[in-house]
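> Just dropping this structure here.
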Amino acid sequence: MTRIPMPLAEARTLPLWRRPVTLLFLMAMAMPVAFATWSALLNNFVIEAAGFDGSDIGWLHTVREVPGFFAIGVIAILLFVREQSLALVSLGLLGVATALTAQFPSMGGILTITMLSSIGFHYFETVNQSLQLQWLPKERAPQMLGWIVSAGAGATLVAYLAIVLTWESLGLTYDFVYIVSGGFTAAVALYCWFAFPAFREPHPQNKSFVLRRRYWLYYALQFMSGARRQIFVVFAGFMMVEKFGYDVHEVTALFLITLLTNIFGAPLIGRAVARWGEKRGLMVEYAGLTLVFLAYGGLYWFGWGVAVAAALYVIDNVFFALALALKTYFQKIADPGDIAPTAAVAFTINHIAAVFLPASLGYLWLVAPDAVFVLAAAMAGLSFALALMIPRHPAPGHETVFAGRALPMAAE
């Protein structure tokens, strides 16, 4: 039976537990329980179950990023399916695929189940970002996004604590942990499907391919973000296992510290971006990441120990939390009807480098791991240069500092 969409303005009359913002928080808490648990166990699982090396892990992440590259396909799906429905179906697929991960302990099986979970993850993230920018008011978006990040980190914290405290004492298996975490995510998606009405966004979204020249800086920052992020996601955690011999509970403990930092730090970061602006927030992120990636290289050049590596991993994640400023930068410059299609296009742009970087850098990792992190530092430095072009108060027609200078002439 088709549900009649409720206008977003009328949703204010609903009890708090059925409002759009509550749905955003629930989805934000459900997604990372599956994805972050999968990530925490992944490096140990693939090494123990399938004997992965640096090249194999690179290929795994290349396969995982292919659906992100084709996120532009969301535009075609939205011709027939509403964004909210697609978000929940994708979230459910992520949960089910995660639950089945340990059932296929071979190279081919791991790649196949990873592809399925990745489709769920990337399509969910695409439409979820769009819904956040449409449902949250511009003046409160940075603060609310900070709280949403904090909520997701809090839910994952519970899962990580359970792993750290019970992995060795109860002799947990990869199979059990994947089933529980993936099953939780799938159950939340099912609950949200029946508990919340369908919400109708205030601005109808374009259902066609949108690539606008005036969004060029946003596209460029998305591309660099995807390239940089891949190096961290693929190789930073793998390094902790390969170079320093971290076990499952030790990797999870490291993730746990990172989560605690995000729980308390993300709301503060959201308030800071709201006060100081997207430009300063992104400049701080990119400058910090440049130094962190160079320090990763120092682990190999100077023989720094595991404590330094762990500290860098946590600091790295703190800077990545500032990426919410890129979302609110786009929210301020976008036409309201462009949010959904541009989210899909931006996700594809974000994953262009993600498709070829993990596999190609996997081969470089075999001979020069430090060079991988130097490349990431160079990318962060280029991102810093791009962030200098963001105006203090971005708006339609004032997307870059260059556009701002041209405004008086245009007015004449």
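If you're wondering about the labels, chains in the structure tokens are A, B, ... by order shown, residues count from 1 in each chain, ligands from 1 in order shown.
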Taking only residues of region 182-278 of chain A that have an atom at most 10 Å from an atom of region 381-393 of chain A, what is each one's shortest atom pair and its distance in Å to one decimal, using only C-alpha atoms, in chain and number order, as a Markdown table?


```
| residue | atom | partner | partner_atom | distance |
| --- | --- | --- | --- | --- |
| A:Leu217 | CA | A:Leu386 | CA | 7.3 |
| A:Tyr218 | CA | A:Ile390 | CA | 9.3 |
| A:Ala220 | CA | A:Leu386 | CA | 7.9 |
| A:Leu221 | CA | A:Ser383 | CA | 6.4 |
| A:Gln222 | CA | A:Ser383 | CA | 9.5 |
| A:Phe223 | CA | A:Ser383 | CA | 9.5 |
| A:Met224 | CA | A:Ser383 | CA | 6.4 |
| A:Ser225 | CA | A:Ser383 | CA | 7.8 |
| A:Arg228 | CA | A:Ser383 | CA | 9.4 |
| A:Trp276 | CA | A:Arg392 | CA | 8.5 |
| A:Gly277 | CA | A:Arg392 | CA | 6.3 |
| A:Glu278 | CA | A:Arg392 | CA | 7.4 |
```

> For the residues in that selection, give me C-alpha atoms as a short mmCIF file (atom, residue, chain, number, x, y, z; two decimals), in the first residue's frame.


```cif
data_model
loop_
_atom_site.label_atom_id
_atom_site.label_comp_id
_atom_site.auth_asym_id
_atom_site.auth_seq_id
_atom_site.Cartn_x
_atom_site.Cartn_y
_atom_site.Cartn_z
CA LEU A 217 34.74 24.38 -6.17
CA TYR A 218 32.43 22.02 -4.30
CA ALA A 220 36.88 19.85 -6.63
CA LEU A 221 36.82 19.61 -2.83
CA GLN A 222 34.70 16.46 -3.03
CA PHE A 223 37.20 14.85 -5.42
CA MET A 224 40.14 15.63 -3.15
CA SER A 225 38.22 14.49 -0.09
CA ARG A 228 42.49 11.56 0.72
CA TRP A 276 33.58 30.88 12.26
CA GLY A 277 32.32 29.74 8.86
CA GLU A 278 32.96 26.88 6.48
#
```

> Write out as a PyMOL selection string the residues lying within 7 Å of region 135-149 of chain A, counting only C-alpha atoms and excluding same-chain residues fewer than 4 positions away.

chain A and resi 25+28+131+153+266-267+269-271+273-274+324+328

> Produce a table with one row for each residue of region 299-389 of chain A that has an atom at most 6 Å from any atom of region 37-61 of chain A, each row naming the nearest atom pair and its distance in Å at one decimal; use only C-alpha atoms; arrange rows by chain and rising residue number; format as CSV.


```
residue,atom,partner,partner_atom,distance
A:Pro358,CA,A:Gly58,CA,4.3
A:Ala359,CA,A:Gly58,CA,4.3
A:Gly362,CA,A:Ser55,CA,4.3
A:Tyr363,CA,A:Ser55,CA,5.5
```

> So which bits of region 56-204 of chain A end up helix (DSSP H, G or I) when you DSSP the backbone, as number ranges by chain?

A: 56-69, 71-77, 83-99, 101-103, 107-135, 141-166, 174-195

> Please produce a file of the residues just selected, as a compact mmCIF listing (two decimals), in the first residue's frame, where the atoms kept are C-alpha atoms.


```txt
# COMPACT_ATOMS: atom_id res chain seq x y z
CA ASP A 56 44.71 -7.74 -1.77
CA ILE A 57 43.36 -5.17 0.70
CA GLY A 58 43.76 -2.51 -1.97
CA TRP A 59 41.68 -4.55 -4.43
CA LEU A 60 39.05 -5.19 -1.76
CA HIS A 61 38.58 -1.48 -1.18
CA THR A 62 38.57 -0.77 -4.90
CA VAL A 63 35.66 -3.21 -5.27
CA ARG A 64 33.98 -1.63 -2.24
CA GLU A 65 34.14 1.81 -3.81
CA VAL A 66 32.69 0.86 -7.22
CA PRO A 67 29.06 1.42 -6.04
CA GLY A 68 30.11 4.84 -4.76
CA PHE A 69 31.39 5.70 -8.21
CA ALA A 71 26.06 6.66 -6.97
CA ILE A 72 24.90 8.89 -9.80
CA GLY A 73 22.50 6.04 -10.58
CA VAL A 74 20.47 7.22 -7.59
CA ILE A 75 19.05 9.94 -9.86
CA ALA A 76 17.44 7.29 -12.08
CA ILE A 77 16.10 5.34 -9.09
CA GLU A 83 14.43 9.34 -1.17
CA GLN A 84 13.24 8.29 2.28
CA SER A 85 12.23 4.84 1.02
CA LEU A 86 15.51 4.36 -0.84
CA ALA A 87 17.46 5.35 2.28
CA LEU A 88 15.74 2.71 4.41
CA VAL A 89 15.99 -0.07 1.81
CA SER A 90 19.69 0.69 1.36
CA LEU A 91 20.23 0.71 5.12
CA GLY A 92 18.56 -2.69 5.35
CA LEU A 93 20.76 -4.09 2.58
CA LEU A 94 23.87 -2.86 4.39
CA GLY A 95 22.73 -4.61 7.56
CA VAL A 96 21.91 -7.95 5.91
CA ALA A 97 25.14 -8.03 3.89
CA THR A 98 27.23 -7.22 6.97
CA ALA A 99 25.52 -10.02 8.90
CA THR A 101 30.20 -11.33 5.84
CA ALA A 102 31.90 -14.15 7.75
CA GLN A 103 29.96 -16.81 5.82
CA MET A 107 38.87 -13.85 -1.69
CA GLY A 108 35.92 -14.26 -4.07
CA GLY A 109 33.34 -14.54 -1.32
CA ILE A 110 34.65 -11.54 0.59
CA LEU A 111 34.68 -9.41 -2.57
CA THR A 112 31.10 -10.43 -3.45
CA ILE A 113 29.56 -9.75 -0.04
CA THR A 114 31.58 -6.53 0.19
CA MET A 115 30.06 -5.36 -3.09
CA LEU A 116 26.52 -5.95 -1.74
CA SER A 117 27.15 -4.17 1.55
CA SER A 118 28.82 -1.34 -0.36
CA ILE A 119 25.75 -0.83 -2.55
CA GLY A 120 23.67 -0.44 0.61
CA PHE A 121 26.21 1.85 2.27
CA HIS A 122 26.84 4.20 -0.65
CA TYR A 123 23.23 4.56 -1.79
CA PHE A 124 22.19 5.17 1.81
CA GLU A 125 24.87 7.79 2.32
CA THR A 126 23.92 9.55 -0.92
CA VAL A 127 20.24 10.00 -0.11
CA ASN A 128 20.83 10.46 3.62
CA GLN A 129 23.07 13.45 2.96
CA SER A 130 20.40 14.86 0.66
CA LEU A 131 17.67 14.38 3.29
CA GLN A 132 19.79 16.04 5.97
CA LEU A 133 20.35 19.15 3.84
CA GLN A 134 16.66 19.32 2.86
CA TRP A 135 15.17 18.65 6.29
CA ALA A 141 22.41 22.78 10.08
CA PRO A 142 26.04 22.89 11.36
CA GLN A 143 25.00 22.36 14.98
CA MET A 144 22.46 19.66 14.11
CA LEU A 145 24.93 17.83 11.86
CA GLY A 146 27.41 17.90 14.74
CA TRP A 147 24.85 16.28 17.04
CA ILE A 148 23.96 13.70 14.37
CA VAL A 149 27.65 12.76 14.02
CA SER A 150 27.84 12.51 17.81
CA ALA A 151 24.76 10.25 17.93
CA GLY A 152 26.25 7.90 15.34
CA ALA A 153 29.50 7.77 17.29
CA GLY A 154 27.59 7.05 20.50
CA ALA A 155 25.77 4.07 19.00
CA THR A 156 29.00 2.68 17.63
CA LEU A 157 30.64 3.21 21.01
CA VAL A 158 28.28 0.65 22.54
CA ALA A 159 29.19 -1.90 19.85
CA TYR A 160 32.94 -1.31 20.24
CA LEU A 161 32.77 -1.53 24.02
CA ALA A 162 31.05 -4.87 23.69
CA ILE A 163 33.81 -6.14 21.37
CA VAL A 164 36.66 -4.85 23.53
CA LEU A 165 35.19 -6.27 26.75
CA THR A 166 33.99 -9.63 25.42
CA TYR A 174 33.77 -13.02 13.49
CA ASP A 175 30.55 -14.76 12.48
CA PHE A 176 28.75 -13.88 15.72
CA VAL A 177 29.82 -10.23 15.80
CA TYR A 178 28.95 -9.64 12.15
CA ILE A 179 25.50 -11.23 12.57
CA VAL A 180 24.67 -9.17 15.67
CA SER A 181 25.88 -5.81 14.29
CA GLY A 182 24.40 -6.29 10.82
CA GLY A 183 21.16 -7.65 12.25
CA PHE A 184 20.79 -4.58 14.48
CA THR A 185 21.13 -2.23 11.52
CA ALA A 186 18.62 -4.21 9.45
CA ALA A 187 16.16 -4.25 12.37
CA VAL A 188 16.36 -0.46 12.82
CA ALA A 189 15.73 0.05 9.09
CA LEU A 190 12.65 -2.16 9.31
CA TYR A 191 11.39 -0.30 12.39
CA CYS A 192 11.84 3.09 10.72
CA TRP A 193 9.92 1.91 7.67
CA PHE A 194 6.79 1.23 9.73
CA ALA A 195 7.16 3.76 12.58
```

> Would you list the contacts of Ala334 (chain A) as a ChimeraX atom specification, taking every protein, DNA or RNA residue within 12 Å and counting only C-alpha atoms, but skipping same-chain residues closer than 4 positions in sequence?

/A:130,133-134,138,205,210-216,218,327-330,338-343,394-399

> Write to file, as an mmCIF file, in the first residue's frame, the residues of the selection just made, with N, CA and C atoms.


```
data_model
loop_
_atom_site.group_PDB
_atom_site.id
_atom_site.type_symbol
_atom_site.label_atom_id
_atom_site.label_comp_id
_atom_site.auth_asym_id
_atom_site.auth_seq_id
_atom_site.Cartn_x
_atom_site.Cartn_y
_atom_site.Cartn_z
ATOM 1 N N SER A 130 21.400 14.001 1.292
ATOM 2 C CA SER A 130 20.396 14.856 0.661
ATOM 3 C C SER A 130 19.257 15.175 1.620
ATOM 4 N N LEU A 133 20.265 17.773 4.325
ATOM 5 C CA LEU A 133 20.345 19.147 3.844
ATOM 6 C C LEU A 133 18.974 19.715 3.505
ATOM 7 N N GLN A 134 18.013 18.843 3.158
ATOM 8 C CA GLN A 134 16.659 19.319 2.865
ATOM 9 C C GLN A 134 15.829 19.501 4.126
ATOM 10 N N LYS A 138 18.890 25.920 7.406
ATOM 11 C CA LYS A 138 20.264 26.359 7.161
ATOM 12 C C LYS A 138 20.916 26.954 8.400
ATOM 13 N N GLN A 205 12.592 17.956 -5.972
ATOM 14 C CA GLN A 205 13.959 17.773 -6.425
ATOM 15 C C GLN A 205 14.020 17.465 -7.920
ATOM 16 N N VAL A 210 22.453 16.791 -12.865
ATOM 17 C CA VAL A 210 22.753 18.201 -12.598
ATOM 18 C C VAL A 210 24.257 18.358 -12.413
ATOM 19 N N LEU A 211 24.875 19.134 -13.286
ATOM 20 C CA LEU A 211 26.305 19.443 -13.176
ATOM 21 C C LEU A 211 26.461 20.916 -13.528
ATOM 22 N N ARG A 212 26.539 21.775 -12.507
ATOM 23 C CA ARG A 212 26.536 23.218 -12.736
ATOM 24 C C ARG A 212 27.946 23.798 -12.569
ATOM 25 N N ARG A 213 28.279 24.723 -13.457
ATOM 26 C CA ARG A 213 29.601 25.331 -13.426
ATOM 27 C C ARG A 213 29.853 26.052 -12.113
ATOM 28 N N ARG A 214 28.829 26.664 -11.560
ATOM 29 C CA ARG A 214 29.040 27.459 -10.346
ATOM 30 C C ARG A 214 29.308 26.597 -9.105
ATOM 31 N N TYR A 215 29.114 25.277 -9.213
ATOM 32 C CA TYR A 215 29.437 24.383 -8.107
ATOM 33 C C TYR A 215 30.847 23.794 -8.237
ATOM 34 N N TRP A 216 31.672 24.339 -9.126
ATOM 35 C CA TRP A 216 32.946 23.697 -9.458
ATOM 36 C C TRP A 216 33.858 23.510 -8.238
ATOM 37 N N TYR A 218 32.980 23.111 -5.096
ATOM 38 C CA TYR A 218 32.427 22.018 -4.299
ATOM 39 C C TYR A 218 32.803 20.674 -4.908
ATOM 40 N N LYS A 327 29.504 19.968 3.734
ATOM 41 C CA LYS A 327 28.066 19.788 3.523
ATOM 42 C C LYS A 327 27.333 21.119 3.629
ATOM 43 N N THR A 328 27.626 21.871 4.697
ATOM 44 C CA THR A 328 26.886 23.115 4.892
ATOM 45 C C THR A 328 27.316 24.188 3.895
ATOM 46 N N TYR A 329 28.550 24.109 3.394
ATOM 47 C CA TYR A 329 28.964 25.011 2.309
ATOM 48 C C TYR A 329 28.083 24.792 1.090
ATOM 49 N N PHE A 330 27.854 23.545 0.726
ATOM 50 C CA PHE A 330 26.998 23.273 -0.427
ATOM 51 C C PHE A 330 25.555 23.675 -0.147
ATOM 52 N N ASP A 338 18.272 21.365 -6.286
ATOM 53 C CA ASP A 338 19.486 20.688 -6.771
ATOM 54 C C ASP A 338 20.097 19.742 -5.752
ATOM 55 N N ILE A 339 19.578 19.729 -4.536
ATOM 56 C CA ILE A 339 20.274 19.017 -3.460
ATOM 57 C C ILE A 339 20.368 17.518 -3.728
ATOM 58 N N ALA A 340 19.253 16.866 -4.074
ATOM 59 C CA ALA A 340 19.272 15.417 -4.286
ATOM 60 C C ALA A 340 20.148 15.011 -5.472
ATOM 61 N N PRO A 341 19.947 15.597 -6.676
ATOM 62 C CA PRO A 341 20.796 15.171 -7.801
ATOM 63 C C PRO A 341 22.262 15.538 -7.619
ATOM 64 N N THR A 342 22.538 16.675 -6.983
ATOM 65 C CA THR A 342 23.937 17.062 -6.782
ATOM 66 C C THR A 342 24.605 16.187 -5.735
ATOM 67 N N ALA A 343 23.835 15.717 -4.753
ATOM 68 C CA ALA A 343 24.396 14.781 -3.777
ATOM 69 C C ALA A 343 24.861 13.512 -4.480
ATOM 70 N N PRO A 394 29.238 32.160 2.011
ATOM 71 C CA PRO A 394 28.833 31.614 0.717
ATOM 72 C C PRO A 394 27.329 31.690 0.519
ATOM 73 N N ALA A 395 26.919 31.880 -0.730
ATOM 74 C CA ALA A 395 25.503 31.986 -1.083
ATOM 75 C C ALA A 395 25.385 31.787 -2.591
ATOM 76 N N PRO A 396 24.195 31.521 -3.104
ATOM 77 C CA PRO A 396 24.034 31.420 -4.562
ATOM 78 C C PRO A 396 24.529 32.695 -5.248
ATOM 79 N N GLY A 397 25.396 32.550 -6.234
ATOM 80 C CA GLY A 397 26.016 33.692 -6.890
ATOM 81 C C GLY A 397 27.286 34.162 -6.208
ATOM 82 N N HIS A 398 27.556 33.609 -5.047
ATOM 83 C CA HIS A 398 28.756 33.974 -4.275
ATOM 84 C C HIS A 398 29.413 32.682 -3.772
ATOM 85 N N GLU A 399 29.678 31.777 -4.719
ATOM 86 C CA GLU A 399 30.187 30.454 -4.379
ATOM 87 C C GLU A 399 31.685 30.456 -4.095
#
```

> Using only C-alpha atoms, which of the listed residues (A:Ala403, A:Pro32, A:Pro204, A:Leu357) sits closest to Asp335 (chain A)?

A:Pro204

> Using CA of Ala323 (chain A) and CA of Val306 (chain A) as the two end points, give the distance in Å to one decimal.

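Taking CA of Ala323 (chain A) and CA of Val306 (chain A), their separation equals 26.8 Å.
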
> Select, from A:Tyr246, A:Ala253, A:Ile231, A:Gly303, the residue with the minimum atom-to-atom distance to Leu364 (chain A), counting only C-alpha atoms.

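Among A:Tyr246, A:Ala253, A:Ile231, A:Gly303, it is A:Ile231 that comes nearest to Leu364 (chain A).
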